[in-house]
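Asks: Quick one, structure_21.cif (mmCIF, C-alpha atoms):
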data_input
#
loop_
_atom_site.label_atom_id
_atom_site.label_comp_id
_atom_site.auth_asym_id
_atom_site.auth_seq_id
_atom_site.Cartn_x
_atom_site.Cartn_y
_atom_site.Cartn_z
CA MET B 128 25.79 -17.93 16.57
CA THR B 129 24.32 -17.58 20.08
CA GLU B 130 24.63 -13.84 19.73
CA SER B 131 22.62 -13.77 16.52
CA GLU B 132 20.04 -16.16 18.01
CA ASP B 133 19.69 -13.83 21.00
CA ARG B 134 19.25 -10.95 18.62
CA ALA B 135 16.55 -12.85 16.73
CA ASP B 136 14.78 -13.66 20.02
CA ALA B 137 14.84 -9.99 21.01
CA LEU B 138 13.58 -8.93 17.58
CA PHE B 139 10.72 -11.40 17.45
CA HIS B 140 9.77 -10.66 21.04
CA ALA B 141 9.73 -6.94 20.30
CA LEU B 142 7.66 -7.42 17.12
CA ALA B 143 5.21 -9.87 18.67
CA ASP B 144 3.14 -7.02 20.07
CA ARG B 145 0.83 -5.01 17.84
CA THR B 146 1.37 -1.73 19.68
CA ARG B 147 5.12 -2.11 19.30
CA ARG B 148 4.76 -2.90 15.60
CA ASP B 149 2.60 0.18 15.24
CA ILE B 150 5.13 2.33 17.13
CA LEU B 151 7.88 0.95 14.93
CA ARG B 152 5.95 1.76 11.76
CA ARG B 153 5.46 5.31 12.94
CA VAL B 154 9.05 5.94 13.96
CA LEU B 155 10.36 4.38 10.75
CA ALA B 156 8.40 6.98 8.81
CA GLY B 157 9.95 9.78 10.89
CA GLU B 158 11.17 10.80 14.33
CA HIS B 159 8.41 11.00 16.94
CA SER B 160 8.52 12.24 20.50
CA VAL B 161 7.46 9.58 22.99
CA SER B 162 4.71 11.86 24.27
CA ALA B 163 3.34 12.33 20.73
CA LEU B 164 3.37 8.54 20.32
CA ALA B 165 1.61 8.08 23.67
CA GLU B 166 -1.31 10.23 22.45
CA LYS B 167 -2.03 7.66 19.73
CA TYR B 168 -2.78 4.83 22.11
CA GLU B 169 -5.35 4.23 24.81
CA MET B 170 -2.78 3.41 27.43
CA SER B 171 -0.70 5.34 29.88
CA PHE B 172 2.39 7.30 28.93
CA ALA B 173 4.41 4.92 31.12
CA ALA B 174 3.08 1.89 29.22
CA VAL B 175 4.01 3.43 25.86
CA GLN B 176 7.42 4.31 27.28
CA LYS B 177 7.87 0.64 28.22
CA HIS B 178 7.02 -0.47 24.68
CA VAL B 179 9.53 2.03 23.34
CA ALA B 180 12.15 0.65 25.72
CA VAL B 181 11.57 -2.92 24.47
CA LEU B 182 12.00 -1.75 20.87
CA GLU B 183 15.12 0.17 21.84
CA LYS B 184 16.59 -2.86 23.61
CA ALA B 185 15.99 -4.98 20.51
CA GLY B 186 17.93 -2.39 18.51
CA LEU B 187 14.93 -1.49 16.37
CA ILE B 188 14.78 2.12 17.43
CA THR B 189 17.08 4.75 18.87
CA LYS B 190 16.19 7.54 21.26
CA ARG B 191 17.68 10.95 21.77
CA ARG B 192 16.87 13.76 24.14
CA ASN B 193 15.88 17.22 23.04
CA GLY B 194 15.28 19.35 26.12
CA ARG B 195 12.54 17.62 28.08
CA GLU B 196 11.43 15.54 25.12
CA GLN B 197 12.53 12.03 24.25
CA LEU B 198 12.64 11.56 20.49
CA ALA B 199 12.44 8.08 19.00
CA SER B 200 13.33 7.10 15.46
CA GLY B 201 13.53 3.85 13.56
CA ASP B 202 17.07 2.58 13.50
CA VAL B 203 16.78 0.63 10.28
CA GLU B 204 17.90 2.94 7.49
CA ALA B 205 15.02 5.07 6.28
CA VAL B 206 15.70 3.86 2.77
CA ARG B 207 15.11 0.29 3.87
CA SER B 208 11.81 1.16 5.45
CA VAL B 209 10.66 2.92 2.31
CA ARG B 210 11.79 -0.06 0.28
CA SER B 211 9.70 -2.27 2.56
CA MET B 212 6.72 0.00 2.15
CA LEU B 213 7.08 -0.17 -1.62
CA THR B 214 7.41 -3.95 -1.33
CA GLU B 215 4.20 -4.02 0.63
CA LEU B 216 2.50 -1.90 -2.01
CA GLU B 217 3.83 -4.34 -4.59
CA GLN B 218 1.81 -7.12 -2.91
CA ILE B 219 -1.38 -5.16 -3.52
CA TRP B 220 -0.45 -4.76 -7.17
CA ARG B 221 0.44 -8.38 -7.58
CA GLY B 222 -2.97 -9.31 -6.18
CA ARG B 223 -4.75 -7.04 -8.64
CA ILE B 224 -2.78 -8.33 -11.59
CA THR B 225 -3.46 -11.94 -10.62
CA ARG B 226 -7.18 -11.12 -10.53
CA ILE B 227 -7.04 -9.45 -13.96
CA ASP B 228 -5.38 -12.61 -15.26
CA ALA B 229 -8.15 -14.74 -13.76
CA LEU B 230 -10.78 -12.46 -15.27
CA ILE B 231 -9.22 -12.74 -18.72
CA ALA B 232 -8.90 -16.50 -18.35
CA SER B 233 -12.63 -16.73 -17.56
CA ASP B 234 -13.36 -15.17 -21.02
CA PHE B 235 -11.84 -18.25 -22.62
CA ASP B 236 -13.83 -20.57 -20.34
CA GLN B 237 -17.02 -18.91 -21.51
CA GLU B 238 -16.07 -19.34 -25.17
CA ASP B 239 -15.50 -23.08 -24.72
CA MET A 1385 3.34 -15.08 -14.08
CA PRO A 1386 2.03 -11.87 -15.56
CA VAL A 1387 4.18 -9.48 -13.49
CA THR A 1388 7.41 -9.13 -15.43
CA ASP A 1389 9.15 -6.25 -13.69
CA VAL A 1390 8.92 -4.25 -10.48
CA GLN A 1391 10.84 -1.00 -10.09
CA PRO A 1392 10.67 0.75 -6.75
CA ASP A 1393 12.04 4.30 -6.95
CA ILE A 1394 12.87 5.12 -3.35
CA ASP A 1395 13.84 8.75 -3.98
CA ASN A 1396 10.60 9.60 -5.75
CA LEU A 1397 8.35 7.20 -3.76
CA THR A 1398 7.22 5.66 -7.01
CA LEU A 1399 6.41 2.05 -7.71
CA THR A 1400 6.38 0.90 -11.33
CA ILE A 1401 4.87 -2.50 -12.08
CA ILE A 1402 5.03 -4.06 -15.52
CA ALA A 1403 2.74 -6.95 -16.33
CA ASP A 1404 2.14 -8.95 -19.51
CA PHE A 1405 -1.37 -10.17 -20.17
CA ALA A 1406 -2.44 -12.77 -22.74
CA ALA A 1407 -5.21 -10.57 -24.13
CA PRO A 1408 -5.42 -7.63 -26.53
CA VAL A 1409 -5.12 -4.01 -25.33
CA GLU A 1410 -8.87 -3.45 -25.82
CA ARG A 1411 -9.63 -6.33 -23.45
CA ILE A 1412 -7.42 -4.89 -20.68
CA TRP A 1413 -8.96 -1.45 -21.24
CA GLN A 1414 -12.38 -3.05 -20.79
CA VAL A 1415 -11.42 -4.27 -17.30
CA TYR A 1416 -11.13 -0.62 -16.23
CA ALA A 1417 -13.91 0.75 -18.43
CA ASP A 1418 -16.51 -1.66 -17.04
CA PRO A 1419 -17.31 -1.01 -13.36
CA ARG A 1420 -18.48 -4.61 -12.81
CA GLN A 1421 -15.11 -5.91 -14.01
CA LEU A 1422 -13.13 -3.23 -12.21
CA GLU A 1423 -14.61 -4.18 -8.86
CA LYS A 1424 -13.47 -7.77 -9.40
CA VAL A 1425 -9.84 -6.72 -9.61
CA TRP A 1426 -9.52 -3.60 -7.44
CA GLY A 1427 -10.06 -4.74 -3.85
CA PRO A 1428 -8.23 -7.73 -2.39
CA PRO A 1429 -10.42 -10.86 -1.95
CA THR A 1430 -10.88 -10.06 1.75
CA TYR A 1431 -11.82 -6.44 0.92
CA PRO A 1432 -14.07 -6.72 -2.16
CA ALA A 1433 -14.80 -3.45 -3.93
CA THR A 1434 -18.14 -2.06 -5.04
CA VAL A 1435 -17.85 0.63 -7.71
CA VAL A 1436 -20.54 3.26 -7.22
CA GLU A 1437 -19.85 6.05 -9.73
CA HIS A 1438 -17.86 5.36 -12.86
CA ASP A 1439 -16.98 8.14 -15.27
CA LEU A 1440 -13.71 7.28 -16.97
CA THR A 1441 -13.30 10.57 -18.82
CA PRO A 1442 -10.94 13.48 -18.11
CA GLY A 1443 -12.25 15.32 -15.04
CA GLY A 1444 -14.59 12.40 -14.30
CA ARG A 1445 -14.80 10.48 -11.04
CA VAL A 1446 -14.85 6.86 -10.09
CA THR A 1447 -15.95 6.10 -6.53
CA TYR A 1448 -15.77 2.80 -4.74
CA VAL A 1449 -16.25 1.16 -1.36
CA MET A 1450 -14.22 -1.76 -0.12
CA THR A 1451 -15.87 -3.94 2.52
CA GLY A 1452 -13.64 -5.67 5.04
CA PRO A 1453 -14.11 -8.99 6.82
CA GLU A 1454 -15.71 -7.25 9.82
CA GLY A 1455 -18.14 -5.36 7.61
CA ASP A 1456 -15.87 -2.31 7.82
CA LYS A 1457 -16.19 0.07 4.87
CA HIS A 1458 -13.34 1.91 3.20
CA ALA A 1459 -14.41 4.42 0.58
CA GLY A 1460 -12.16 5.87 -2.06
CA TYR A 1461 -12.28 7.88 -5.23
CA TRP A 1462 -10.39 8.37 -8.45
CA LEU A 1463 -10.18 11.76 -10.03
CA VAL A 1464 -9.48 11.00 -13.67
CA THR A 1465 -6.87 13.40 -15.02
CA ALA A 1466 -6.17 12.00 -18.52
CA VAL A 1467 -7.68 9.36 -20.80
CA ASP A 1468 -6.31 7.89 -23.98
CA GLU A 1469 -8.67 5.05 -24.82
CA PRO A 1470 -7.72 2.20 -25.07
CA THR A 1471 -4.03 2.65 -24.32
CA GLY A 1472 -4.16 4.23 -20.91
CA PHE A 1473 -5.36 6.74 -18.37
CA ALA A 1474 -4.17 8.69 -15.35
CA PHE A 1475 -5.88 9.48 -12.07
CA ASP A 1476 -5.42 10.63 -8.51
CA ASP A 1477 -6.52 8.02 -5.97
CA GLY A 1478 -7.62 9.13 -2.52
CA PHE A 1479 -9.72 8.20 0.48
CA ALA A 1480 -13.25 9.47 0.95
CA ASP A 1481 -15.92 9.57 3.65
CA GLU A 1482 -19.12 7.54 3.33
CA ASP A 1483 -20.65 10.25 1.11
CA PHE A 1484 -17.57 10.05 -1.16
CA LYS A 1485 -16.37 13.46 -0.10
CA PRO A 1486 -12.56 13.37 -0.41
CA LEU A 1487 -10.78 13.21 2.95
CA SER A 1488 -8.30 16.00 2.37
CA ASP A 1489 -6.04 15.15 5.31
CA LEU A 1490 -5.29 11.71 3.88
CA PRO A 1491 -2.65 11.03 1.25
CA VAL A 1492 -3.47 10.98 -2.45
CA SER A 1493 -1.44 8.92 -4.91
CA ARG A 1494 -0.90 9.83 -8.54
CA ASN A 1495 -1.30 6.94 -10.93
CA THR A 1496 -0.60 6.35 -14.61
CA TYR A 1497 -1.75 3.16 -16.33
CA ARG A 1498 -0.54 2.34 -19.85
CA PHE A 1499 -1.46 -0.58 -22.08
CA ASP A 1500 0.69 -1.41 -25.13
CA ALA A 1501 0.43 -4.24 -27.62
CA HIS A 1502 3.29 -6.65 -26.96
CA ASP A 1503 3.99 -10.18 -28.26
CA GLY A 1504 0.40 -10.78 -29.28
CA GLY A 1505 -0.87 -9.66 -25.88
CA THR A 1506 -0.71 -6.54 -23.74
CA ARG A 1507 2.10 -5.04 -21.73
CA ALA A 1508 0.63 -2.98 -18.90
CA THR A 1509 2.75 -0.37 -17.12
CA TYR A 1510 1.39 0.83 -13.79
CA VAL A 1511 3.07 3.78 -12.11
CA SER A 1512 1.99 4.88 -8.66
CA THR A 1513 3.52 7.88 -6.87
CA TYR A 1514 3.15 9.12 -3.30
CA GLU A 1515 4.02 12.60 -2.07
CA THR A 1516 5.75 11.55 1.15
CA ALA A 1517 6.99 8.44 2.95
CA GLU A 1518 4.52 9.28 5.74
CA GLY A 1519 1.71 9.33 3.19
CA LEU A 1520 2.72 5.97 1.80
CA GLN A 1521 2.91 4.56 5.32
CA GLN A 1522 -0.50 5.95 6.16
CA VAL A 1523 -2.03 4.28 3.13
CA LEU A 1524 -0.47 0.96 4.09
CA ASP A 1525 -1.73 1.39 7.66
CA MET A 1526 -5.30 1.91 6.47
CA GLY A 1527 -6.18 -1.65 5.71
CA VAL A 1528 -5.34 -1.70 2.03
CA VAL A 1529 -2.66 -4.21 2.82
CA GLU A 1530 -2.79 -7.81 1.74
CA GLY A 1531 -0.02 -10.29 2.07
CA ALA A 1532 3.27 -9.41 3.69
CA THR A 1533 3.41 -7.09 6.66
CA LEU A 1534 5.96 -4.38 7.14
CA SER A 1535 7.34 -5.97 10.29
CA ILE A 1536 8.07 -9.23 8.49
CA ASN A 1537 9.79 -7.28 5.73
CA GLN A 1538 11.84 -5.46 8.32
CA ILE A 1539 12.96 -8.76 9.83
CA ASP A 1540 14.02 -9.93 6.38
CA SER A 1541 16.14 -6.87 5.85
CA LEU A 1542 17.52 -6.98 9.39
CA VAL A 1543 18.67 -10.58 9.22
CA ALA A 1544 19.88 -10.37 5.61
#
Could you write out this structure as structure tokens?
Replies:
Amino acid sequence: MTESEDRADALFHALADRTRRDILRRVLAGEHSVSALAEKYEMSFAAVQKHVAVLEKAGLITKRRNGREQLASGDVEAVRSVRSMLTELEQIWRGRITRIDALIASDFDQED
Amino acid sequence: MPVTDVQPDIDNLTLTIIADFAAPVERIWQVYADPRQLEKVWGPPTYPATVVEHDLTPGGRVTYVMTGPEGDKHAGYWLVTAVDEPTGFAFDDGFADEDFKPLSDLPVSRNTYRFDAHDGGTRATYVSTYETAEGLQQVLDMGVVEGATLSINQIDSLVA
């Protein structure tokens, strides 16, 4: 129980930062070198490296070395991330369909 | 609830949404055929759409701008690839610059919309396909998102 609570704390802490969420989104879509990630943000390489370390500690990403490069990838199965992306897309669709429904319903209001 | 089925196809990066509407096929077609109605349903409430060009014929273009809460503008276009009035149409949906020139380095989704008579109303089948997971992610990162965020979804799947 305590162990899973600790895990939840680490996860929420790691995800409570927008740069870390953005890094996570990128590395879930595919492996990125830490230096390539660092180019995306207006902060130092060391700062990005620290964010990566927090995500790694929370178990959200894994790192491997390839020569002088550090490569980071999302640790949640790629399939899960794609499923989440499709779920997110589904929210857009649900919104549109709800609005079509409202539009159709307003036809009947006008007839009354 | 009008959405009756959702089928994510993870291998093909396709999302199929099936919705039942309490209106005839011609009425649902009209939502897409009339730019003033289309803009009421296309953008999320916080990103209302303005349809600029509207030519719903094969080879025709529909262009739109969504305006965000900060006044930020997001332009997009449809390139209509097939039309079968009133039962459906197909188009490629992409991002554009402020002059509606397609931004070729951004992902394009392929879409097929079908409307069939069903139980006195209309069954709509919406199929949306992305080329790559990165492309899909990029689209979601570009402010088209409403509702749930990816990180929250990830927590759900992590703690499940």
Asks: What would the selection look like, as a PyMOL selection string, if the PyMOL selection byres ((chain A and resi 1397) around 12) were run on the coordinates I just shared?
Replies: (chain B and resi 206+208-214+216) or (chain A and resi 1391-1396+1398-1400+1493-1494+1511-1521)
Asks: Go through chain B and flag each residue having an atom no more than 6 Å from chain A; for those, report the closest pair of atoms plus their distance in Å to one decimal, using all atoms listed in the file, ordered by chain and rising number, as a tab-separated table.
Replies:
residue	atom	partner	partner_atom	distance
B:Ala156	CA	A:Glu1518	CA	5.5
B:Ser211	CA	A:Asn1537	CA	5.9
B:Arg223	CA	A:Val1425	CA	5.2
B:Arg226	CA	A:Val1425	CA	5.2
B:Ile227	CA	A:Val1425	CA	5.8
Asks: Provide the CA of Thr1471 (chain A) to CA of Ala1417 (chain A) distance in Å, to one decimal place.
Replies: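 Distance between the two atoms: 11.7 Å.
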Asks: Taking (-1.2, 1.5, -19.4) in the file's own coordinates, collect the residues within 6 Å, counting only C-alpha atoms, and hand them back as a PyMOL selection string.
Replies: chain A and resi 1471-1472+1497-1499+1508-1509
Asks: When the PyMOL selection byres ((chain A and resi 1467) around 10) is applied to the structure above, which residues does it catch, written out as number ranges by chain?
Replies: A: 1440-1444, 1464-1466, 1468-1475, 1496-1497
Asks: Got time to write the residues from that selection, C-alpha atoms, as a tab-separated table (two decimals), keeping the file's coordinate frame?
Replies:
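Final output, again16.tsv:
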chain	number	residue	atom	x	y	z
A	1440	LEU	CA	-13.71	7.28	-16.97
A	1441	THR	CA	-13.30	10.57	-18.82
A	1442	PRO	CA	-10.94	13.48	-18.11
A	1443	GLY	CA	-12.25	15.32	-15.04
A	1444	GLY	CA	-14.59	12.40	-14.30
A	1464	VAL	CA	-9.48	11.00	-13.67
A	1465	THR	CA	-6.87	13.40	-15.02
A	1466	ALA	CA	-6.17	12.00	-18.52
A	1468	ASP	CA	-6.31	7.89	-23.98
A	1469	GLU	CA	-8.67	5.05	-24.82
A	1470	PRO	CA	-7.72	2.20	-25.07
A	1471	THR	CA	-4.03	2.65	-24.32
A	1472	GLY	CA	-4.16	4.23	-20.91
A	1473	PHE	CA	-5.36	6.74	-18.37
A	1474	ALA	CA	-4.17	8.69	-15.35
A	1475	PHE	CA	-5.88	9.48	-12.07
A	1496	THR	CA	-0.60	6.35	-14.61
A	1497	TYR	CA	-1.75	3.16	-16.33
Asks: Determine the axis-aligned bounding box of all atoms of region 183-199 of chain B present in the file, pad each side by 4 Å, and express its centre and edge lengths in Å to one decimal place as lines of an AutoDock Vina configuration file.
Replies:
center_x = 14.7
center_y = 7.2
center_z = 22.2
size_x = 14.5
size_y = 32.3
size_z = 19.7
Asks: Which residues, written as a short mmCIF file (atom, residue, chain, number, x, y, z; two decimals) with C-alpha atoms, keeping the file's coordinate frame, have at least one atom at most 6 Å from Ser160 (chain B), with all atoms listed in the file counted and residues fewer than 2 positions away on the same chain left out?
Replies:
data_model
loop_
_atom_site.label_atom_id
_atom_site.label_comp_id
_atom_site.auth_asym_id
_atom_site.auth_seq_id
_atom_site.Cartn_x
_atom_site.Cartn_y
_atom_site.Cartn_z
CA SER B 162 4.71 11.86 24.27
CA ALA B 163 3.34 12.33 20.73
CA GLN B 197 12.53 12.03 24.25
CA LEU B 198 12.64 11.56 20.49
CA ALA B 199 12.44 8.08 19.00
#
Asks: Apply the PyMOL selection byres ((chain A and resi 1485) around 12) to the file shown and report the selected residues as a JSON list (two decimals) with C-alpha atoms, in the frame of the given file.
Replies:
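What ended up in result_31.json:
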[["chain", "number", "residue", "atom", "x", "y", "z"],
["A", 1445, "ARG", "CA", -14.80, 10.48, -11.04],
["A", 1447, "THR", "CA", -15.95, 6.10, -6.53],
["A", 1448, "TYR", "CA", -15.77, 2.80, -4.74],
["A", 1459, "ALA", "CA", -14.41, 4.42, 0.58],
["A", 1460, "GLY", "CA", -12.16, 5.87, -2.06],
["A", 1461, "TYR", "CA", -12.28, 7.88, -5.23],
["A", 1462, "TRP", "CA", -10.39, 8.37, -8.45],
["A", 1463, "LEU", "CA", -10.18, 11.76, -10.03],
["A", 1478, "GLY", "CA", -7.62, 9.13, -2.52],
["A", 1479, "PHE", "CA", -9.72, 8.20, 0.48],
["A", 1480, "ALA", "CA", -13.25, 9.47, 0.95],
["A", 1481, "ASP", "CA", -15.92, 9.57, 3.65],
["A", 1482, "GLU", "CA", -19.12, 7.54, 3.33],
["A", 1483, "ASP", "CA", -20.65, 10.25, 1.11],
["A", 1484, "PHE", "CA", -17.57, 10.05, -1.16],
["A", 1486, "PRO", "CA", -12.56, 13.37, -0.41],
["A", 1487, "LEU", "CA", -10.78, 13.21, 2.95],
["A", 1488, "SER", "CA", -8.30, 16.00, 2.37],
["A", 1489, "ASP", "CA", -6.04, 15.15, 5.31],
["A", 1490, "LEU", "CA", -5.29, 11.71, 3.88]]
Asks: Which residue out of A:Val1436, A:Val1449, A:Tyr1431, A:Gly1455 has the minimum interatomic distance to Pro1419 (chain A) when only C-alpha atoms are used?
Replies: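 Checking each of A:Val1436, A:Val1449, A:Tyr1431, A:Gly1455 against Pro1419 (chain A), counting only C-alpha atoms, the winner is A:Val1436.
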Asks: Just to confirm, what's the straight-line distance from CA of Leu155 (chain B) to CA of Ser200 (chain B) in Å (one decimal)?
Replies: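 Going from CA of Leu155 (chain B) over to CA of Ser200 (chain B), I get 6.2 Å.
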Asks: CA of Glu196 (chain B) to CA of Leu142 (chain B): how many Å, to one decimal?
Replies: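 Pair CA of Glu196 (chain B) / CA of Leu142 (chain B) returns 24.6 Å.
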Asks: How would region 1413-1435 of chain A look with N, CA, C and O atoms restored, written as a PDB file, in the coordinates of the input?
Replies:
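Printed below is selection33.pdb as written:
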ATOM      1  N   TRP A1413      -8.247  -2.723 -21.418  1.00  0.00           N
ATOM      2  CA  TRP A1413      -8.960  -1.450 -21.240  1.00  0.00           C
ATOM      3  C   TRP A1413     -10.351  -1.707 -20.667  1.00  0.00           C
ATOM      4  O   TRP A1413     -10.810  -1.017 -19.766  1.00  0.00           O
ATOM      5  N   GLN A1414     -11.014  -2.733 -21.197  1.00  0.00           N
ATOM      6  CA  GLN A1414     -12.380  -3.050 -20.790  1.00  0.00           C
ATOM      7  C   GLN A1414     -12.482  -3.356 -19.293  1.00  0.00           C
ATOM      8  O   GLN A1414     -13.482  -3.033 -18.655  1.00  0.00           O
ATOM      9  N   VAL A1415     -11.422  -3.956 -18.733  1.00  0.00           N
ATOM     10  CA  VAL A1415     -11.420  -4.270 -17.300  1.00  0.00           C
ATOM     11  C   VAL A1415     -11.639  -2.989 -16.484  1.00  0.00           C
ATOM     12  O   VAL A1415     -12.367  -2.978 -15.496  1.00  0.00           O
ATOM     13  N   TYR A1416     -11.017  -1.891 -16.953  1.00  0.00           N
ATOM     14  CA  TYR A1416     -11.130  -0.620 -16.230  1.00  0.00           C
ATOM     15  C   TYR A1416     -12.359   0.181 -16.651  1.00  0.00           C
ATOM     16  O   TYR A1416     -12.882   0.974 -15.867  1.00  0.00           O
ATOM     17  N   ALA A1417     -12.791  -0.027 -17.898  1.00  0.00           N
ATOM     18  CA  ALA A1417     -13.910   0.750 -18.430  1.00  0.00           C
ATOM     19  C   ALA A1417     -15.252   0.200 -17.944  1.00  0.00           C
ATOM     20  O   ALA A1417     -16.255   0.904 -17.989  1.00  0.00           O
ATOM     21  N   ASP A1418     -15.266  -1.045 -17.491  1.00  0.00           N
ATOM     22  CA  ASP A1418     -16.510  -1.660 -17.040  1.00  0.00           C
ATOM     23  C   ASP A1418     -16.484  -1.768 -15.509  1.00  0.00           C
ATOM     24  O   ASP A1418     -15.701  -2.528 -14.949  1.00  0.00           O
ATOM     25  N   PRO A1419     -17.361  -1.014 -14.825  1.00  0.00           N
ATOM     26  CA  PRO A1419     -17.310  -1.010 -13.360  1.00  0.00           C
ATOM     27  C   PRO A1419     -17.476  -2.395 -12.735  1.00  0.00           C
ATOM     28  O   PRO A1419     -16.884  -2.677 -11.695  1.00  0.00           O
ATOM     29  N   ARG A1420     -18.264  -3.270 -13.383  1.00  0.00           N
ATOM     30  CA  ARG A1420     -18.480  -4.610 -12.810  1.00  0.00           C
ATOM     31  C   ARG A1420     -17.196  -5.446 -12.886  1.00  0.00           C
ATOM     32  O   ARG A1420     -16.935  -6.281 -12.039  1.00  0.00           O
ATOM     33  N   GLN A1421     -16.394  -5.196 -13.919  1.00  0.00           N
ATOM     34  CA  GLN A1421     -15.110  -5.910 -14.010  1.00  0.00           C
ATOM     35  C   GLN A1421     -14.078  -5.279 -13.094  1.00  0.00           C
ATOM     36  O   GLN A1421     -13.310  -5.970 -12.436  1.00  0.00           O
ATOM     37  N   LEU A1422     -14.085  -3.945 -13.053  1.00  0.00           N
ATOM     38  CA  LEU A1422     -13.130  -3.230 -12.210  1.00  0.00           C
ATOM     39  C   LEU A1422     -13.242  -3.668 -10.753  1.00  0.00           C
ATOM     40  O   LEU A1422     -12.238  -3.899 -10.071  1.00  0.00           O
ATOM     41  N   GLU A1423     -14.472  -3.836 -10.281  1.00  0.00           N
ATOM     42  CA  GLU A1423     -14.610  -4.180  -8.860  1.00  0.00           C
ATOM     43  C   GLU A1423     -14.130  -5.598  -8.563  1.00  0.00           C
ATOM     44  O   GLU A1423     -13.825  -5.913  -7.417  1.00  0.00           O
ATOM     45  N   LYS A1424     -14.021  -6.417  -9.608  1.00  0.00           N
ATOM     46  CA  LYS A1424     -13.470  -7.770  -9.400  1.00  0.00           C
ATOM     47  C   LYS A1424     -11.963  -7.762  -9.218  1.00  0.00           C
ATOM     48  O   LYS A1424     -11.386  -8.727  -8.706  1.00  0.00           O
ATOM     49  N   VAL A1425     -11.303  -6.716  -9.687  1.00  0.00           N
ATOM     50  CA  VAL A1425      -9.840  -6.720  -9.610  1.00  0.00           C
ATOM     51  C   VAL A1425      -9.281  -5.688  -8.633  1.00  0.00           C
ATOM     52  O   VAL A1425      -8.112  -5.756  -8.254  1.00  0.00           O
ATOM     53  N   TRP A1426     -10.085  -4.718  -8.199  1.00  0.00           N
ATOM     54  CA  TRP A1426      -9.520  -3.600  -7.440  1.00  0.00           C
ATOM     55  C   TRP A1426      -9.242  -3.957  -5.976  1.00  0.00           C
ATOM     56  O   TRP A1426      -8.137  -3.792  -5.476  1.00  0.00           O
ATOM     57  N   GLY A1427     -10.257  -4.419  -5.274  1.00  0.00           N
ATOM     58  CA  GLY A1427     -10.060  -4.740  -3.850  1.00  0.00           C
ATOM     59  C   GLY A1427      -9.493  -6.135  -3.694  1.00  0.00           C
ATOM     60  O   GLY A1427      -9.771  -7.005  -4.507  1.00  0.00           O
ATOM     61  N   PRO A1428      -8.698  -6.368  -2.649  1.00  0.00           N
ATOM     62  CA  PRO A1428      -8.230  -7.730  -2.390  1.00  0.00           C
ATOM     63  C   PRO A1428      -9.418  -8.631  -2.055  1.00  0.00           C
ATOM     64  O   PRO A1428     -10.477  -8.121  -1.668  1.00  0.00           O
ATOM     65  N   PRO A1429      -9.280  -9.962  -2.193  1.00  0.00           N
ATOM     66  CA  PRO A1429     -10.420 -10.860  -1.950  1.00  0.00           C
ATOM     67  C   PRO A1429     -11.080 -10.644  -0.591  1.00  0.00           C
ATOM     68  O   PRO A1429     -12.296 -10.779  -0.468  1.00  0.00           O
ATOM     69  N   THR A1430     -10.297 -10.273   0.433  1.00  0.00           N
ATOM     70  CA  THR A1430     -10.880 -10.060   1.750  1.00  0.00           C
ATOM     71  C   THR A1430     -11.495  -8.665   1.899  1.00  0.00           C
ATOM     72  O   THR A1430     -12.152  -8.380   2.891  1.00  0.00           O
ATOM     73  N   TYR A1431     -11.246  -7.797   0.925  1.00  0.00           N
ATOM     74  CA  TYR A1431     -11.820  -6.440   0.920  1.00  0.00           C
ATOM     75  C   TYR A1431     -12.451  -6.165  -0.444  1.00  0.00           C
ATOM     76  O   TYR A1431     -11.975  -5.308  -1.186  1.00  0.00           O
ATOM     77  N   PRO A1432     -13.515  -6.909  -0.815  1.00  0.00           N
ATOM     78  CA  PRO A1432     -14.070  -6.720  -2.160  1.00  0.00           C
ATOM     79  C   PRO A1432     -14.577  -5.299  -2.374  1.00  0.00           C
ATOM     80  O   PRO A1432     -15.075  -4.666  -1.439  1.00  0.00           O
ATOM     81  N   ALA A1433     -14.414  -4.818  -3.593  1.00  0.00           N
ATOM     82  CA  ALA A1433     -14.800  -3.450  -3.930  1.00  0.00           C
ATOM     83  C   ALA A1433     -16.173  -3.423  -4.588  1.00  0.00           C
ATOM     84  O   ALA A1433     -16.545  -4.350  -5.304  1.00  0.00           O
ATOM     85  N   THR A1434     -16.904  -2.358  -4.322  1.00  0.00           N
ATOM     86  CA  THR A1434     -18.140  -2.060  -5.040  1.00  0.00           C
ATOM     87  C   THR A1434     -17.929  -0.697  -5.693  1.00  0.00           C
ATOM     88  O   THR A1434     -17.645   0.276  -4.992  1.00  0.00           O
ATOM     89  N   VAL A1435     -18.026  -0.649  -7.014  1.00  0.00           N
ATOM     90  CA  VAL A1435     -17.850   0.630  -7.710  1.00  0.00           C
ATOM     91  C   VAL A1435     -19.215   1.302  -7.773  1.00  0.00           C
ATOM     92  O   VAL A1435     -20.205   0.694  -8.185  1.00  0.00           O
TER      93      VAL A1435
END
